[in-house]
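Report on the following structure.
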Amino acid sequence: MKKKKILFVITYLELGGAQKQLLSIMKSLPKDEFEVFLAAGEKGFLKKDFLSVGGVSVFLIPELVRTVNPLLDILAFFKLYFYMKKNNFDIMHTHSPKASILARLAAYLAGVKNIIYTVHGWPFHKYMNIFSYYLYLFLEKVFANITSKIIVVSKADLDIGIKNRIACANKFQLIYYGVDIDQFENIFSQRISMIPKENLIITVSALKKQKGLDYFLQAAQIISKKHADAKFLIIGDGPKRSAIELKINNFGLQDRVVLKGWVDDLTEFYLKTKLMVVSSLWEGLPVAIIEAVLSGVAVVATDTGGVRDIIKDNRSGVIVDRADINSLAKASLDVLDNFKAWQDKIAANRNSIVFSEWSSEKMINQLHGLYSSFS
């Protein structure tokens with residue numbers, strides 16, 4: 001049987017949810033059925049991990065960057081186009097907004113028959129100006145016409161896609177992020193026998209505007225006034241690092257907030273934290289939230305839609321309005337002040353979690369089925 005040639009395209013190889021899932025997919029796809037290729041920008045914490053995946057051909061494109069740059073975008077487009085034309089791919093599967101536009105157009109013009117796009121949160125949202133909002137919405141509708149299947153990672157994004165008539169309903173497919181269930185079951189087992197001692201609060205976040213870290217830091221100020229021993233850990237990195245460091249100093253949080261940088265395995269932090277706080281302004285569905293809930297960590301998260309697929313409000317965490325500092329702080333204080341009661345609620349809630357929904361095996365099986373359905 002002839003192998004299907006599949007090309008994955010993503011902008012950066014950073015340690016984000018989209019990248020972690022793509023890495024898992026590339027490792028797990030049966031190499032006797034698929035010839036796997038990757039095209040990506042050359043930056044990112046996970047670059048070495050992607051380059052080390054066996055049986056995968058990697059094409060790095062320095063011009064493929066996240067910010068809009070007409071010259072670099074044109075160069076990246078033509079590199080993608082000629083790469084696709086040369087290799088005659090059966091399937092092109094793209095991730096991230098910038099890459100999805102350039103790659104889908106290049107694939108269509110290069111004659112790739114099957115074009116897949118995974119939405120890790122729609123690129124249009126209320127925190128952008130109205131011109132940009134409608135431009136991105138328009139582009140999503142136009143490029144949906146040349147897309148064979150649009151994968152969404154949350155019910156909220158599915159609803160947004162259908163409500164905005166980006167494509168007909170049968171063009172969408174919901175496929176949740178998949179994680180190693182056994183790993184997080186093990187963490188939960190350890191947590192219930194070893195209650196965290198410190199008032200440690202973590203957030204896992206790229207340091208960019210989308211993540212709303214100003215609100216996290218302002219909530220940290222409020223929490224610190226009641227809990228003098230509270231410590232805050234920001235796990236992640238990104239373009240706003242210098243600005244975040246300045247804010248930490250301006251808010252007088254130098255002794256309380258630590259910028260940890262990217263961490264590949266978060267097991268240690270899921271074991272010792274009392275709470276995860278996610279202050280995002282817009283999102284798809286953060287993998288870290290899935291991992292935290294399955295680990296038995298209480299989560300306070302802003303209502304970006306997708307979080308409702310995994311967080312059961314007031315049972316496994318608290319969902320608050322976006323950009324609401326006081327609600328973020330109040331919910332966090334409730335968890336710290338009533339930690340034992342929260343642990344009991346979380347343990348009881350685990351009976352209602354369908355763990356198979358969040359397994360890597362299910363995610364891979366769904367994608368394998370999709371890829372195999374294309375001729």
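Here, A, B, ... name the chains of the structure tokens in the order displayed, residue numbers run from 1 inside each chain, and ligands are numbered from 1 in the same displayed order.
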Within 10 Å of range 284-288 of chain A, which residues of range 157-271 of chain A show up? Give each one with its shortest atom-to-atom distance in Å (one decimal) and the two atoms involved, counting only C-alpha atoms, rows by chain then rising residue number, as a tab-separated table.
residue	atom	partner	partner_atom	distance
A:Asp157	CA	A:Gly284	CA	6.9
A:Tyr176	CA	A:Leu285	CA	8.6
A:Tyr177	CA	A:Val287	CA	6.8
A:Gly178	CA	A:Val287	CA	8.4
A:Val179	CA	A:Val287	CA	8.2
A:Thr203	CA	A:Ala288	CA	8.8
A:Val204	CA	A:Ala288	CA	6.6
A:Ser205	CA	A:Ala288	CA	8.8
A:Leu266	CA	A:Ala288	CA	8.9
A:Tyr270	CA	A:Ala288	CA	9.9
File of the preceding selection, C-alpha atoms, as an mmCIF file, in the first residue's frame:
data_model
loop_
_atom_site.group_PDB
_atom_site.id
_atom_site.type_symbol
_atom_site.label_atom_id
_atom_site.label_comp_id
_atom_site.auth_asym_id
_atom_site.auth_seq_id
_atom_site.Cartn_x
_atom_site.Cartn_y
_atom_site.Cartn_z
ATOM 1 C CA ASP A 157 -15.038 27.438 19.039
ATOM 2 C CA TYR A 176 -10.036 17.627 22.015
ATOM 3 C CA TYR A 177 -6.392 17.902 22.977
ATOM 4 C CA GLY A 178 -5.128 14.559 24.227
ATOM 5 C CA VAL A 179 -2.874 13.962 27.241
ATOM 6 C CA THR A 203 0.026 30.055 35.878
ATOM 7 C CA VAL A 204 1.278 28.429 32.687
ATOM 8 C CA SER A 205 1.380 31.041 29.987
ATOM 9 C CA LEU A 266 5.078 20.237 34.875
ATOM 10 C CA TYR A 270 1.124 20.106 39.742
#
Fill in: Selection: 8 Å around Tyr81 in chain A, only C-alpha atoms, excl. self and same-chain fewer than 3 positions, as an MDAnalysis selection string
chainID A and resid 77:78 84:85 103 106:107 109:110
Practice prompt. List the neighbours of Gln21 in chain A out to 12 Å using only C-alpha atoms; skip same-chain residues closer than 5 positions along the sequence, and give me the result as number ranges by chain.
Written response: A: 8, 10, 13-16, 26-28, 46, 50, 95, 118, 120, 153, 175-180, 286-288, 358-361, 363-364, 367
Selected residues, N, CA and C atoms, written as an mmCIF file, in the first residue's frame, please.
data_model
loop_
_atom_site.group_PDB
_atom_site.id
_atom_site.type_symbol
_atom_site.label_atom_id
_atom_site.label_comp_id
_atom_site.auth_asym_id
_atom_site.auth_seq_id
_atom_site.Cartn_x
_atom_site.Cartn_y
_atom_site.Cartn_z
ATOM 1 N N PHE A 8 2.599 18.848 7.859
ATOM 2 C CA PHE A 8 2.103 19.705 8.929
ATOM 3 C C PHE A 8 2.798 21.057 8.822
ATOM 4 N N ILE A 10 3.172 24.856 10.901
ATOM 5 C CA ILE A 10 2.901 25.660 12.097
ATOM 6 C C ILE A 10 3.913 26.795 12.140
ATOM 7 N N LEU A 13 7.740 26.737 16.911
ATOM 8 C CA LEU A 13 7.858 25.466 17.628
ATOM 9 C C LEU A 13 8.044 25.717 19.121
ATOM 10 N N GLU A 14 7.246 26.650 19.664
ATOM 11 C CA GLU A 14 7.332 26.991 21.079
ATOM 12 C C GLU A 14 6.579 25.955 21.913
ATOM 13 N N LEU A 15 6.653 26.102 23.227
ATOM 14 C CA LEU A 15 6.022 25.133 24.126
ATOM 15 C C LEU A 15 4.584 25.560 24.416
ATOM 16 N N GLY A 16 3.743 25.471 23.403
ATOM 17 C CA GLY A 16 2.332 25.803 23.542
ATOM 18 C C GLY A 16 1.473 24.573 23.321
ATOM 19 N N MET A 26 2.789 13.719 15.489
ATOM 20 C CA MET A 26 3.884 13.316 14.612
ATOM 21 C C MET A 26 4.602 12.078 15.132
ATOM 22 N N LYS A 27 4.715 11.967 16.442
ATOM 23 C CA LYS A 27 5.359 10.788 17.031
ATOM 24 C C LYS A 27 4.490 9.542 16.896
ATOM 25 N N SER A 28 3.170 9.730 16.933
ATOM 26 C CA SER A 28 2.258 8.594 17.046
ATOM 27 C C SER A 28 1.737 8.069 15.711
ATOM 28 N N LEU A 46 10.682 24.029 21.567
ATOM 29 C CA LEU A 46 10.545 22.624 21.197
ATOM 30 C C LEU A 46 11.243 22.264 19.887
ATOM 31 N N PHE A 50 11.162 18.526 17.948
ATOM 32 C CA PHE A 50 10.602 18.261 16.625
ATOM 33 C C PHE A 50 11.658 17.689 15.686
ATOM 34 N N HIS A 95 -1.682 24.604 11.417
ATOM 35 C CA HIS A 95 -2.033 25.088 12.753
ATOM 36 C C HIS A 95 -1.577 26.543 12.868
ATOM 37 N N THR A 118 -6.548 23.246 11.871
ATOM 38 C CA THR A 118 -6.959 23.182 13.274
ATOM 39 C C THR A 118 -6.987 24.578 13.871
ATOM 40 N N HIS A 120 -6.927 26.726 16.996
ATOM 41 C CA HIS A 120 -6.554 26.712 18.416
ATOM 42 C C HIS A 120 -7.035 28.026 19.049
ATOM 43 N N VAL A 153 -10.974 22.726 18.877
ATOM 44 C CA VAL A 153 -10.538 22.025 20.091
ATOM 45 C C VAL A 153 -11.478 22.271 21.272
ATOM 46 N N ILE A 175 -12.167 17.867 17.984
ATOM 47 C CA ILE A 175 -11.177 16.910 18.476
ATOM 48 C C ILE A 175 -10.442 17.563 19.639
ATOM 49 N N TYR A 176 -10.675 17.051 20.837
ATOM 50 C CA TYR A 176 -10.036 17.627 22.015
ATOM 51 C C TYR A 176 -8.536 17.329 22.021
ATOM 52 N N TYR A 177 -7.793 18.191 22.702
ATOM 53 C CA TYR A 177 -6.392 17.902 22.977
ATOM 54 C C TYR A 177 -6.318 16.606 23.789
ATOM 55 N N GLY A 178 -5.308 15.802 23.497
ATOM 56 C CA GLY A 178 -5.128 14.559 24.227
ATOM 57 C C GLY A 178 -3.895 14.597 25.111
ATOM 58 N N VAL A 179 -3.996 13.993 26.297
ATOM 59 C CA VAL A 179 -2.874 13.962 27.241
ATOM 60 C C VAL A 179 -2.684 12.530 27.742
ATOM 61 N N ASP A 180 -1.595 12.322 28.455
ATOM 62 C CA ASP A 180 -1.291 11.024 29.045
ATOM 63 C C ASP A 180 -2.101 10.871 30.331
ATOM 64 N N PRO A 286 -6.660 25.810 26.753
ATOM 65 C CA PRO A 286 -5.271 25.557 27.151
ATOM 66 C C PRO A 286 -5.049 24.130 27.643
ATOM 67 N N VAL A 287 -4.010 23.494 27.138
ATOM 68 C CA VAL A 287 -3.664 22.139 27.563
ATOM 69 C C VAL A 287 -3.362 22.105 29.061
ATOM 70 N N ALA A 288 -2.730 23.168 29.571
ATOM 71 C CA ALA A 288 -2.377 23.201 30.991
ATOM 72 C C ALA A 288 -3.610 23.093 31.883
ATOM 73 N N TRP A 358 -10.201 12.854 26.987
ATOM 74 C CA TRP A 358 -9.005 13.697 27.018
ATOM 75 C C TRP A 358 -7.724 12.891 26.810
ATOM 76 N N SER A 359 -7.854 11.689 26.305
ATOM 77 C CA SER A 359 -6.682 10.835 26.143
ATOM 78 C C SER A 359 -5.982 11.074 24.813
ATOM 79 N N SER A 360 -4.677 10.926 24.833
ATOM 80 C CA SER A 360 -3.898 11.025 23.595
ATOM 81 C C SER A 360 -4.353 9.975 22.593
ATOM 82 N N GLU A 361 -4.717 8.786 23.100
ATOM 83 C CA GLU A 361 -5.134 7.707 22.214
ATOM 84 C C GLU A 361 -6.368 8.103 21.407
ATOM 85 N N MET A 363 -7.426 11.191 20.691
ATOM 86 C CA MET A 363 -7.067 12.246 19.749
ATOM 87 C C MET A 363 -6.383 11.665 18.507
ATOM 88 N N ILE A 364 -5.408 10.773 18.735
ATOM 89 C CA ILE A 364 -4.673 10.180 17.618
ATOM 90 C C ILE A 364 -5.596 9.319 16.767
ATOM 91 N N LEU A 367 -7.747 11.565 14.552
ATOM 92 C CA LEU A 367 -6.981 12.142 13.453
ATOM 93 C C LEU A 367 -6.586 11.070 12.435
#
Practice prompt. Apply DSSP to the backbone of this structure and, from range 22-201 of chain A, keep only the residues in helix (DSSP H, G or I); write these as a PyMOL selection string.
Written response: chain A and resi 22-28+47-51+70-87+97-110+130-144+155-163+169-171+181-193
Fill in: Glu63 in chain A surroundings by only C-alpha atoms, 8 Å radius, close-in-sequence under 5 positions cut, as a PyMOL selection string
chain A and resi 41+72-73+75-76
Emit the selected residues as a compact mmCIF listing (two decimals), in the first residue's frame, including N, CA and C atoms.
# COMPACT_ATOMS: atom_id res chain seq x y z
N GLY A 41 8.40 27.80 11.23
CA GLY A 41 9.39 28.82 11.51
C GLY A 41 10.52 28.21 12.31
N LEU A 72 8.35 39.34 4.42
CA LEU A 72 8.61 38.00 4.95
C LEU A 72 7.46 37.05 4.65
N ASP A 73 6.23 37.57 4.70
CA ASP A 73 5.07 36.73 4.43
C ASP A 73 5.07 36.24 2.98
N LEU A 75 7.74 35.87 1.06
CA LEU A 75 8.82 34.89 0.95
C LEU A 75 8.42 33.55 1.55
N ALA A 76 7.78 33.59 2.72
CA ALA A 76 7.33 32.35 3.36
C ALA A 76 6.30 31.63 2.49
Discussion item. Taking 5 positions as the minimum chain separation for residues in the same chain, which residues sit within 10 Å of Asp324 in chain A when counting only C-alpha atoms? Answer as a VMD selection string.
Written reply: chain A and resid 215 to 216 219 279 302 329
Discussion item. Which residue is closest to Phe124 in chain A? Choose from A:Phe188, A:Trp282, A:Phe339, A:Tyr371 and count only C-alpha atoms.
Written reply: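 Going through A:Phe188, A:Trp282, A:Phe339, A:Tyr371 one by one, the smallest distance to Phe124 in chain A is for A:Trp282.
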Item to complete: Please provide the set of residues having any atom within 9 Å of Asp49 in chain A, restricted to only C-alpha atoms, with same-chain residues fewer than 4 positions apart removed, written as a list in words.
Response: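 Returned residues: Leu23, Phe45 and Val53 of chain A.
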Worksheet item: Hey, which of A:Ile192, A:Ala206, A:Trp122, A:Gly238 ends up closest to Ile166 in chain A? Count only C-alpha atoms.
Response: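 Looking only at the distances to Ile166 in chain A, the closest residue turns out to be A:Trp122.
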Output as a Markdown table one row per residue of range 85-202 of chain A within 10 Å of range 251-264 of chain A: the closest atom pair and its distance in Å to one decimal place, counting only C-alpha atoms, sorted by chain and residue number ascending.
| residue | atom | partner | partner_atom | distance |
| --- | --- | --- | --- | --- |
| A:Leu200 | CA | A:Arg256 | CA | 9.8 |
| A:Ile201 | CA | A:Val257 | CA | 9.5 |
| A:Ile202 | CA | A:Val257 | CA | 9.6 |
Filtering to N, CA and C atoms, could you give me those residues as a PDB file, in the first residue's frame?
ATOM      1  N   LEU A 200       1.236  28.188  47.156  1.00  0.00           N
ATOM      2  CA  LEU A 200       1.836  28.431  45.848  1.00  0.00           C
ATOM      3  C   LEU A 200       0.746  28.469  44.782  1.00  0.00           C
ATOM      4  N   ILE A 201       0.762  29.525  43.990  1.00  0.00           N
ATOM      5  CA  ILE A 201      -0.176  29.685  42.879  1.00  0.00           C
ATOM      6  C   ILE A 201       0.633  29.743  41.589  1.00  0.00           C
ATOM      7  N   ILE A 202       0.229  28.926  40.614  1.00  0.00           N
ATOM      8  CA  ILE A 202       0.958  28.927  39.349  1.00  0.00           C
ATOM      9  C   ILE A 202       0.064  29.367  38.207  1.00  0.00           C
TER      10      ILE A 202
END
Practice prompt. Could you tell me how far CA of Thr11 in chain A lies from CA of Ala169 in chain A, in Å and to one decimal?
Written response: 26.9 Å
